[in-house]
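**Q** What follows is target.txt; its format and atoms are compact mmCIF, C-alpha atoms.
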```
# COMPACT_ATOMS: atom_id res chain seq x y z
CA ASP D 1363 0.00 0.00 0.00
CA ALA D 1364 1.22 3.50 -0.77
CA GLY D 1365 2.18 5.50 2.23
CA VAL D 1366 2.03 9.25 2.68
CA ILE D 1367 3.61 10.90 -0.34
CA GLN D 1368 5.30 14.27 -0.13
CA SER D 1369 6.77 16.42 -2.86
CA PRO D 1370 9.24 17.78 -3.52
CA ARG D 1371 11.79 15.87 -1.45
CA HIS D 1372 14.18 18.78 -1.55
CA GLU D 1373 13.59 22.45 -2.24
CA VAL D 1374 16.21 25.16 -2.44
CA THR D 1375 15.06 28.67 -3.13
CA GLU D 1376 15.96 32.26 -2.47
CA MET D 1377 14.57 34.37 0.29
CA GLY D 1378 11.33 36.08 -0.66
CA GLN D 1379 10.16 33.38 -3.03
CA GLU D 1380 6.94 31.47 -2.59
CA VAL D 1381 7.32 27.83 -1.58
CA THR D 1382 4.61 25.19 -1.92
CA LEU D 1383 4.91 21.79 -0.29
CA ARG D 1384 2.53 19.02 -1.28
CA CYS D 1385 1.15 15.97 0.47
CA LYS D 1386 -0.99 13.01 -0.52
CA PRO D 1387 -2.28 11.17 2.58
CA ILE D 1388 -2.94 7.47 2.82
CA SER D 1389 -6.23 6.60 1.13
CA GLY D 1390 -9.03 6.31 3.67
CA HIS D 1391 -7.30 8.40 6.31
CA ASN D 1392 -9.37 11.38 7.36
CA SER D 1393 -6.85 13.31 9.45
CA LEU D 1394 -3.83 15.09 8.05
CA PHE D 1395 -1.02 16.82 9.89
CA TRP D 1396 1.82 19.15 8.91
CA TYR D 1397 4.95 19.17 11.08
CA ARG D 1398 8.24 21.03 11.00
CA GLN D 1399 11.39 19.44 12.36
CA THR D 1400 14.26 21.53 13.68
CA MET D 1401 17.23 20.61 15.82
CA MET D 1402 16.16 22.89 18.65
CA ARG D 1403 12.46 22.09 18.85
CA GLY D 1404 12.17 18.64 17.37
CA LEU D 1405 8.84 17.90 15.67
CA GLU D 1406 6.42 20.80 15.90
CA LEU D 1407 2.82 20.48 14.78
CA LEU D 1408 1.93 23.33 12.45
CA ILE D 1409 -1.66 22.50 11.54
CA TYR D 1410 -3.98 19.57 11.25
CA PHE D 1411 -7.11 18.80 9.29
CA ASN D 1412 -9.96 16.44 10.00
CA ASN D 1413 -12.22 15.53 7.07
CA ASN D 1414 -10.53 18.29 5.05
CA VAL D 1415 -11.39 20.96 7.63
CA PRO D 1416 -8.60 22.77 9.51
CA ILE D 1417 -9.03 21.99 13.19
CA ASP D 1418 -6.04 23.61 14.85
CA ASP D 1419 -3.59 25.99 13.17
CA SER D 1420 -2.15 27.45 16.35
CA GLY D 1421 1.25 26.03 15.45
CA MET D 1422 1.52 27.99 12.23
CA PRO D 1423 4.35 30.39 13.01
CA GLU D 1424 3.26 33.44 11.04
CA ASP D 1425 0.81 34.71 8.49
CA ARG D 1426 3.41 33.86 5.86
CA PHE D 1427 2.39 30.22 6.35
CA SER D 1428 -0.87 28.86 5.00
CA ALA D 1429 -2.25 25.37 4.42
CA LYS D 1430 -5.14 24.00 2.42
CA MET D 1431 -6.81 20.66 1.95
CA PRO D 1432 -9.14 20.97 -1.05
CA ASN D 1433 -10.01 17.27 -0.99
CA ALA D 1434 -9.35 14.08 0.93
CA SER D 1435 -6.33 13.14 -1.15
CA PHE D 1436 -4.31 16.35 -1.32
CA SER D 1437 -2.95 19.09 0.90
CA THR D 1438 -0.53 21.97 0.45
CA LEU D 1439 1.58 24.02 2.81
CA LYS D 1440 2.61 27.37 1.40
CA ILE D 1441 5.17 29.86 2.63
CA GLN D 1442 5.04 33.33 1.11
CA PRO D 1443 7.41 35.10 1.33
CA SER D 1444 9.98 32.59 2.49
CA GLU D 1445 12.80 33.50 4.88
CA PRO D 1446 16.07 31.72 5.78
CA ARG D 1447 14.70 30.81 9.23
CA ASP D 1448 12.04 28.70 7.52
CA SER D 1449 14.73 26.24 6.52
CA ALA D 1450 13.82 22.88 8.05
CA VAL D 1451 12.40 19.49 7.19
CA TYR D 1452 8.64 19.56 6.79
CA PHE D 1453 6.66 16.37 7.34
CA CYS D 1454 3.14 15.47 6.47
CA ALA D 1455 1.35 12.68 8.35
CA SER D 1456 -2.08 11.10 8.18
CA SER D 1457 -4.22 8.92 10.40
CA SER D 1458 -7.67 7.37 10.46
CA GLY D 1459 -10.43 8.19 12.91
CA THR D 1460 -11.19 11.33 14.84
CA VAL D 1461 -9.61 10.46 18.13
CA ALA D 1462 -5.86 10.18 18.32
CA GLY D 1463 -5.98 7.82 21.21
CA ASN D 1464 -5.85 4.62 19.20
CA GLN D 1465 -4.56 5.69 15.83
CA PRO D 1466 -0.88 6.23 15.11
CA GLN D 1467 0.05 8.84 12.58
CA HIS D 1468 1.85 7.69 9.46
CA PHE D 1469 4.50 10.02 8.12
CA GLY D 1470 5.80 10.84 4.68
CA ASP D 1471 9.53 11.09 4.05
CA GLY D 1472 9.51 14.86 4.36
CA THR D 1473 10.56 17.86 2.32
CA ARG D 1474 13.95 19.34 3.14
CA LEU D 1475 13.57 23.07 2.59
CA SER D 1476 16.53 25.41 2.30
CA ILE D 1477 15.97 29.15 1.96
CA LEU D 1478 19.07 31.02 0.89
CA ASP I 796 7.56 24.71 26.67
CA GLN I 797 7.98 21.04 25.92
CA GLN I 798 5.25 18.83 27.33
CA VAL I 799 7.19 15.74 26.28
CA LYS I 800 10.89 15.60 27.02
CA GLN I 801 13.67 13.29 26.03
CA ASN I 802 16.62 14.40 28.09
CA SER I 803 19.22 12.15 26.49
CA PRO I 804 20.12 13.35 22.99
CA SER I 805 22.16 10.23 22.31
CA LEU I 806 22.80 6.69 23.52
CA SER I 807 25.36 4.06 22.52
CA VAL I 808 24.88 0.37 23.24
CA GLN I 809 26.75 -2.79 22.32
CA GLU I 810 25.02 -5.21 20.01
CA GLY I 811 23.10 -7.84 21.94
CA ARG I 812 22.69 -5.70 25.03
CA ILE I 813 19.57 -3.87 26.18
CA SER I 814 18.81 -0.33 24.98
CA ILE I 815 16.68 1.79 27.28
CA LEU I 816 15.30 5.05 25.98
CA ASN I 817 13.51 7.38 28.36
CA CYS I 818 10.80 9.98 28.04
CA ASP I 819 9.12 12.28 30.56
CA TYR I 820 5.91 14.24 30.20
CA THR I 821 4.22 16.98 32.15
CA ASN I 822 0.56 16.78 31.16
CA SER I 823 -1.34 14.37 33.41
CA MET I 824 -4.17 14.30 30.86
CA PHE I 825 -2.09 12.41 28.32
CA ASP I 826 -3.66 8.99 27.78
CA TYR I 827 -1.92 7.60 24.73
CA PHE I 828 1.80 7.26 24.19
CA LEU I 829 3.83 6.17 21.21
CA TRP I 830 7.38 5.60 20.10
CA TYR I 831 8.55 6.38 16.60
CA LYS I 832 11.80 5.42 14.92
CA LYS I 833 13.44 7.61 12.32
CA TYR I 834 16.22 6.84 9.89
CA PRO I 835 18.08 9.67 8.09
CA ALA I 836 16.23 11.10 5.09
CA GLU I 837 13.06 9.20 6.00
CA GLY I 838 9.94 10.06 7.93
CA PRO I 839 9.30 8.76 11.44
CA THR I 840 7.89 5.24 11.51
CA PHE I 841 5.45 4.11 14.16
CA LEU I 842 7.03 1.51 16.44
CA ILE I 843 4.86 0.78 19.46
CA SER I 844 2.18 2.44 21.56
CA ILE I 845 0.60 2.15 24.97
CA SER I 846 -2.64 3.33 26.46
CA SER I 847 -2.72 4.88 29.91
CA ILE I 848 -4.81 1.96 31.19
CA LYS I 849 -1.77 -0.26 30.81
CA ASP I 850 1.71 -0.13 32.27
CA LYS I 851 3.45 -2.36 29.75
CA ASN I 852 3.13 -3.28 26.11
CA GLU I 853 5.40 -5.70 24.30
CA ASP I 854 6.00 -6.33 20.62
CA GLY I 855 8.85 -8.66 19.83
CA ARG I 856 12.12 -7.11 20.93
CA PHE I 857 10.40 -3.85 21.86
CA THR I 858 8.67 -3.17 25.17
CA VAL I 859 7.23 0.11 26.35
CA PHE I 860 6.74 0.77 30.05
CA LEU I 861 4.51 3.50 31.44
CA ASN I 862 4.78 4.89 34.96
CA LYS I 863 1.87 7.30 35.30
CA SER I 864 2.70 8.44 38.80
CA ALA I 865 6.17 9.48 37.67
CA LYS I 866 4.91 10.70 34.27
CA HIS I 867 7.59 8.60 32.68
CA LEU I 868 7.76 6.09 29.88
CA SER I 869 10.59 4.05 28.54
CA LEU I 870 11.34 1.91 25.52
CA HIS I 871 13.38 -1.24 25.98
CA ILE I 872 15.01 -2.96 23.03
CA VAL I 873 16.33 -6.45 23.73
CA PRO I 874 18.56 -7.61 22.19
CA SER I 875 19.81 -4.49 20.42
CA GLN I 876 20.84 -4.87 16.80
CA PRO I 877 22.89 -2.58 14.52
CA GLY I 878 19.77 -1.99 12.43
CA ASP I 879 18.15 -0.40 15.47
CA SER I 880 20.52 2.56 15.12
CA ALA I 881 18.18 5.50 14.50
CA VAL I 882 16.58 8.47 16.20
CA TYR I 883 13.72 7.53 18.50
CA PHE I 884 10.90 9.96 19.28
CA CYS I 885 8.33 9.54 21.99
CA ALA I 886 4.94 11.18 21.58
CA ALA I 887 1.83 11.64 23.67
CA SER I 888 -1.73 12.74 23.19
CA ALA I 889 -4.83 13.43 25.25
CA ARG I 890 -8.47 13.12 24.26
CA ASP I 891 -9.12 16.74 25.18
CA THR I 892 -6.49 17.89 22.68
CA GLY I 893 -8.14 16.01 19.84
CA ASN I 894 -5.70 14.61 17.38
CA GLN I 895 -2.67 16.56 18.45
CA PHE I 896 0.45 14.57 19.27
CA TYR I 897 3.21 16.15 21.30
CA PHE I 898 6.66 14.91 20.38
CA GLY I 899 9.92 14.83 22.28
CA THR I 900 13.11 16.08 20.65
CA GLY I 901 14.43 12.57 20.03
CA THR I 902 17.24 10.29 21.19
CA SER I 903 19.83 9.08 18.72
CA LEU I 904 20.61 5.42 19.37
CA THR I 905 23.81 3.85 18.07
CA VAL I 906 24.17 0.09 18.37
CA ILE I 907 27.81 -0.86 18.11
CA PRO I 908 28.52 -4.19 16.39
```
Would you give me this structure, written as structure tokens?

**A**
Amino acid sequence: DAGVIQSPRHEVTEMGQEVTLRCKPISGHNSLFWYRQTMMRGLELLIYFNNNVPIDDSGMPEDRFSAKMPNASFSTLKIQPSEPRDSAVYFCASSSGTVAGNQPQHFGDGTRLSIL
Amino acid sequence: DQQVKQNSPSLSVQEGRISILNCDYTNSMFDYFLWYKKYPAEGPTFLISISSIKDKNEDGRFTVFLNKSAKHLSLHIVPSQPGDSAVYFCAASARDTGNQFYFGTGTSLTVIP
């Protein structure tokens, strides 16, 4: 079975450019999560969706970050304009059910973002 | 402020011996705990979980122990193998936080052949 698919795997761009990260969750999963991994803070939840609806975006660092989930099989995380401090690995994860208690999240392989 | 803490950034163990990875949490409402394993350039992979109604869960070489009074959980790997070398993250969630998982900062395990 296909797991969570993220694209691109690597992105290098200049400061000020728009960056769009993409995620395809596991088919049948109805919750989707965007994380950012940094050395200092580990895995930080940015936003999560349930049934395509954003539930909690309190982890989104600034208005420069936005996320959408237009349908059950696709989500985007956009940074506009990008800044060097946004450089990190961004992960997308998905899970089934509405309660986290019994459902592990399954992660994609991440997008390594470098802003020059 | 980290609600889930892994205070040991790294751990080295000889092959065949036991690896013990530790995790502490601060939120007494957490009722579900997980361990993830992460290899370089890959996403975290779910390893094992435990509900707060239990104090132990075992899956092959991996056992997770939960001490609710101490707000502490640990992952035991016996026997350790070189392929276990990876970064291990613990995570926790509570029903009143919906689907949100709180992750520790990870412990890098090296199993020496």

**Q** Write down, as a VMD selection string, each residue of chain I that has any atom within 10 Å of an atom of chain D, counting all atoms listed in the file.

**A** chain I and resid 796 to 797 825 to 831 833 to 847 884 886 to 901

**Q** Write out as a PyMOL selection string each polymer residue whose atoms come within 10 Å of Ser814 of chain I, counting only C-alpha atoms; drop sequence neighbours fewer than 5 positions from it.

**A** chain I and resi 806-809+857+869-876+879+904-906

**Q** Can you write just those residues out, C-alpha atoms, as a PDB file, in the coordinates of the input?

**A**
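New file again-v1.pdb:
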```pdb
ATOM      1  CA  LEU I 806      22.800   6.690  23.520  1.00  0.00           C
ATOM      2  CA  SER I 807      25.360   4.060  22.520  1.00  0.00           C
ATOM      3  CA  VAL I 808      24.880   0.370  23.240  1.00  0.00           C
ATOM      4  CA  GLN I 809      26.750  -2.790  22.320  1.00  0.00           C
ATOM      5  CA  PHE I 857      10.400  -3.850  21.860  1.00  0.00           C
ATOM      6  CA  SER I 869      10.590   4.050  28.540  1.00  0.00           C
ATOM      7  CA  LEU I 870      11.340   1.910  25.520  1.00  0.00           C
ATOM      8  CA  HIS I 871      13.380  -1.240  25.980  1.00  0.00           C
ATOM      9  CA  ILE I 872      15.010  -2.960  23.030  1.00  0.00           C
ATOM     10  CA  VAL I 873      16.330  -6.450  23.730  1.00  0.00           C
ATOM     11  CA  PRO I 874      18.560  -7.610  22.190  1.00  0.00           C
ATOM     12  CA  SER I 875      19.810  -4.490  20.420  1.00  0.00           C
ATOM     13  CA  GLN I 876      20.840  -4.870  16.800  1.00  0.00           C
ATOM     14  CA  ASP I 879      18.150  -0.400  15.470  1.00  0.00           C
ATOM     15  CA  LEU I 904      20.610   5.420  19.370  1.00  0.00           C
ATOM     16  CA  THR I 905      23.810   3.850  18.070  1.00  0.00           C
ATOM     17  CA  VAL I 906      24.170   0.090  18.370  1.00  0.00           C
TER      18      VAL I 906
END
```

**Q** How far is it from atom CA of Gly811 of chain I to atom CA of Asn852 of chain I, in Å with one decimal?

**A**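 So the answer is 20.9 Å.
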
**Q** Which of these, I:Gln798, I:Ile848, I:Asp854, I:Phe860, has the shortest distance to Ile815 of chain I once you count only C-alpha atoms?

**A**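 Checking each candidate against Ile815 of chain I, we get I:Phe860 as the closest.
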
**Q** Nearest to Tyr1397 of chain D: which of D:Ala1364, D:Met1422, D:Leu1475, D:Ala1434 is it, counting all atoms listed in the file?

**A**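 With all atoms listed in the file as the atom set, the closest residue is D:Met1422.
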
**Q** If you measure from atom CA of Gln1379 of chain D to atom CA of Asp1419 of chain D, what distance in Å do you get, rounded to one decimal?

**A**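 Result for atom CA of Gln1379 of chain D versus atom CA of Asp1419 of chain D: 22.5 Å, one decimal.
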
**Q** Quick one: distance from atom CA of Met1431 of chain D to atom CA of Pro1443 of chain D in Å, one decimal?

**A** 20.3 Å

**Q** For Thr821 of chain I, find every residue with an atom within 7 Å (counting only C-alpha atoms), except residues of its own chain fewer than 2 positions away, and show them as a list in words.

**A**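 Selected residues are Gln798, Val799, Asp819, Ser823 and Lys866 of chain I.
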
**Q** Those same residues - C-alpha atoms - I'd like them written as a PDB file, in the frame of the given file.

**A**
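Okay, this is what ended up in result06.pdb:
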```
ATOM      1  CA  GLN I 798       5.250  18.830  27.330  1.00  0.00           C
ATOM      2  CA  VAL I 799       7.190  15.740  26.280  1.00  0.00           C
ATOM      3  CA  ASP I 819       9.120  12.280  30.560  1.00  0.00           C
ATOM      4  CA  SER I 823      -1.340  14.370  33.410  1.00  0.00           C
ATOM      5  CA  LYS I 866       4.910  10.700  34.270  1.00  0.00           C
TER       6      LYS I 866
END
```

**Q** For a quick check of understanding, using all atoms listed in the file, which of I:Lys863, I:Arg812, I:Lys851, I:Lys832 has the smallest distance to Thr902 of chain I?

**A** I:Lys832

**Q** Starting from the sparse input, extend segment 817-834 of chain I to N, CA, C and O atoms and give the output as a PDB file, in the frame of the given file.

**A**
```pdb
ATOM      1  N   ASN I 817      14.411   6.802  27.374  1.00  0.00           N
ATOM      2  CA  ASN I 817      13.510   7.380  28.360  1.00  0.00           C
ATOM      3  C   ASN I 817      12.791   8.617  27.844  1.00  0.00           C
ATOM      4  O   ASN I 817      13.300   9.336  26.975  1.00  0.00           O
ATOM      5  N   CYS I 818      11.640   8.854  28.440  1.00  0.00           N
ATOM      6  CA  CYS I 818      10.800   9.980  28.040  1.00  0.00           C
ATOM      7  C   CYS I 818       9.997  10.432  29.257  1.00  0.00           C
ATOM      8  O   CYS I 818       9.462   9.586  29.990  1.00  0.00           O
ATOM      9  N   ASP I 819       9.916  11.726  29.473  1.00  0.00           N
ATOM     10  CA  ASP I 819       9.120  12.280  30.560  1.00  0.00           C
ATOM     11  C   ASP I 819       8.079  13.233  29.992  1.00  0.00           C
ATOM     12  O   ASP I 819       8.297  13.869  28.966  1.00  0.00           O
ATOM     13  N   TYR I 820       6.952  13.324  30.658  1.00  0.00           N
ATOM     14  CA  TYR I 820       5.910  14.240  30.200  1.00  0.00           C
ATOM     15  C   TYR I 820       5.347  15.012  31.378  1.00  0.00           C
ATOM     16  O   TYR I 820       5.516  14.634  32.545  1.00  0.00           O
ATOM     17  N   THR I 821       4.703  16.108  31.071  1.00  0.00           N
ATOM     18  CA  THR I 821       4.220  16.980  32.150  1.00  0.00           C
ATOM     19  C   THR I 821       2.695  17.012  32.253  1.00  0.00           C
ATOM     20  O   THR I 821       2.170  17.345  33.313  1.00  0.00           O
ATOM     21  N   ASN I 822       2.007  16.669  31.175  1.00  0.00           N
ATOM     22  CA  ASN I 822       0.560  16.780  31.160  1.00  0.00           C
ATOM     23  C   ASN I 822      -0.088  15.497  31.667  1.00  0.00           C
ATOM     24  O   ASN I 822      -0.031  14.456  31.014  1.00  0.00           O
ATOM     25  N   SER I 823      -0.730  15.559  32.819  1.00  0.00           N
ATOM     26  CA  SER I 823      -1.340  14.370  33.410  1.00  0.00           C
ATOM     27  C   SER I 823      -2.569  13.892  32.621  1.00  0.00           C
ATOM     28  O   SER I 823      -3.090  12.815  32.878  1.00  0.00           O
ATOM     29  N   MET I 824      -3.016  14.698  31.669  1.00  0.00           N
ATOM     30  CA  MET I 824      -4.170  14.300  30.860  1.00  0.00           C
ATOM     31  C   MET I 824      -3.778  13.409  29.677  1.00  0.00           C
ATOM     32  O   MET I 824      -4.645  12.850  29.017  1.00  0.00           O
ATOM     33  N   PHE I 825      -2.514  13.283  29.416  1.00  0.00           N
ATOM     34  CA  PHE I 825      -2.090  12.410  28.320  1.00  0.00           C
ATOM     35  C   PHE I 825      -2.553  10.980  28.591  1.00  0.00           C
ATOM     36  O   PHE I 825      -2.400  10.465  29.704  1.00  0.00           O
ATOM     37  N   ASP I 826      -3.148  10.344  27.575  1.00  0.00           N
ATOM     38  CA  ASP I 826      -3.660   8.990  27.780  1.00  0.00           C
ATOM     39  C   ASP I 826      -3.224   8.012  26.695  1.00  0.00           C
ATOM     40  O   ASP I 826      -3.670   6.861  26.674  1.00  0.00           O
ATOM     41  N   TYR I 827      -2.385   8.478  25.813  1.00  0.00           N
ATOM     42  CA  TYR I 827      -1.920   7.600  24.730  1.00  0.00           C
ATOM     43  C   TYR I 827      -0.497   7.998  24.409  1.00  0.00           C
ATOM     44  O   TYR I 827      -0.208   9.189  24.221  1.00  0.00           O
ATOM     45  N   PHE I 828       0.378   6.987  24.352  1.00  0.00           N
ATOM     46  CA  PHE I 828       1.800   7.260  24.190  1.00  0.00           C
ATOM     47  C   PHE I 828       2.355   6.363  23.086  1.00  0.00           C
ATOM     48  O   PHE I 828       1.952   5.208  22.954  1.00  0.00           O
ATOM     49  N   LEU I 829       3.283   6.919  22.336  1.00  0.00           N
ATOM     50  CA  LEU I 829       3.830   6.170  21.210  1.00  0.00           C
ATOM     51  C   LEU I 829       5.340   6.381  21.130  1.00  0.00           C
ATOM     52  O   LEU I 829       5.867   7.380  21.611  1.00  0.00           O
ATOM     53  N   TRP I 830       5.968   5.439  20.472  1.00  0.00           N
ATOM     54  CA  TRP I 830       7.380   5.600  20.100  1.00  0.00           C
ATOM     55  C   TRP I 830       7.476   5.485  18.580  1.00  0.00           C
ATOM     56  O   TRP I 830       6.852   4.616  17.957  1.00  0.00           O
ATOM     57  N   TYR I 831       8.264   6.388  18.019  1.00  0.00           N
ATOM     58  CA  TYR I 831       8.550   6.380  16.600  1.00  0.00           C
ATOM     59  C   TYR I 831      10.047   6.221  16.406  1.00  0.00           C
ATOM     60  O   TYR I 831      10.852   6.678  17.220  1.00  0.00           O
ATOM     61  N   LYS I 832      10.406   5.622  15.288  1.00  0.00           N
ATOM     62  CA  LYS I 832      11.800   5.420  14.920  1.00  0.00           C
ATOM     63  C   LYS I 832      12.030   6.163  13.618  1.00  0.00           C
ATOM     64  O   LYS I 832      11.188   6.123  12.723  1.00  0.00           O
ATOM     65  N   LYS I 833      13.185   6.824  13.527  1.00  0.00           N
ATOM     66  CA  LYS I 833      13.440   7.610  12.320  1.00  0.00           C
ATOM     67  C   LYS I 833      14.863   7.376  11.833  1.00  0.00           C
ATOM     68  O   LYS I 833      15.833   7.602  12.551  1.00  0.00           O
ATOM     69  N   TYR I 834      14.936   6.944  10.561  1.00  0.00           N
ATOM     70  CA  TYR I 834      16.220   6.840   9.890  1.00  0.00           C
ATOM     71  C   TYR I 834      16.483   8.141   9.129  1.00  0.00           C
ATOM     72  O   TYR I 834      15.545   8.864   8.786  1.00  0.00           O
TER      73      TYR I 834
END
```
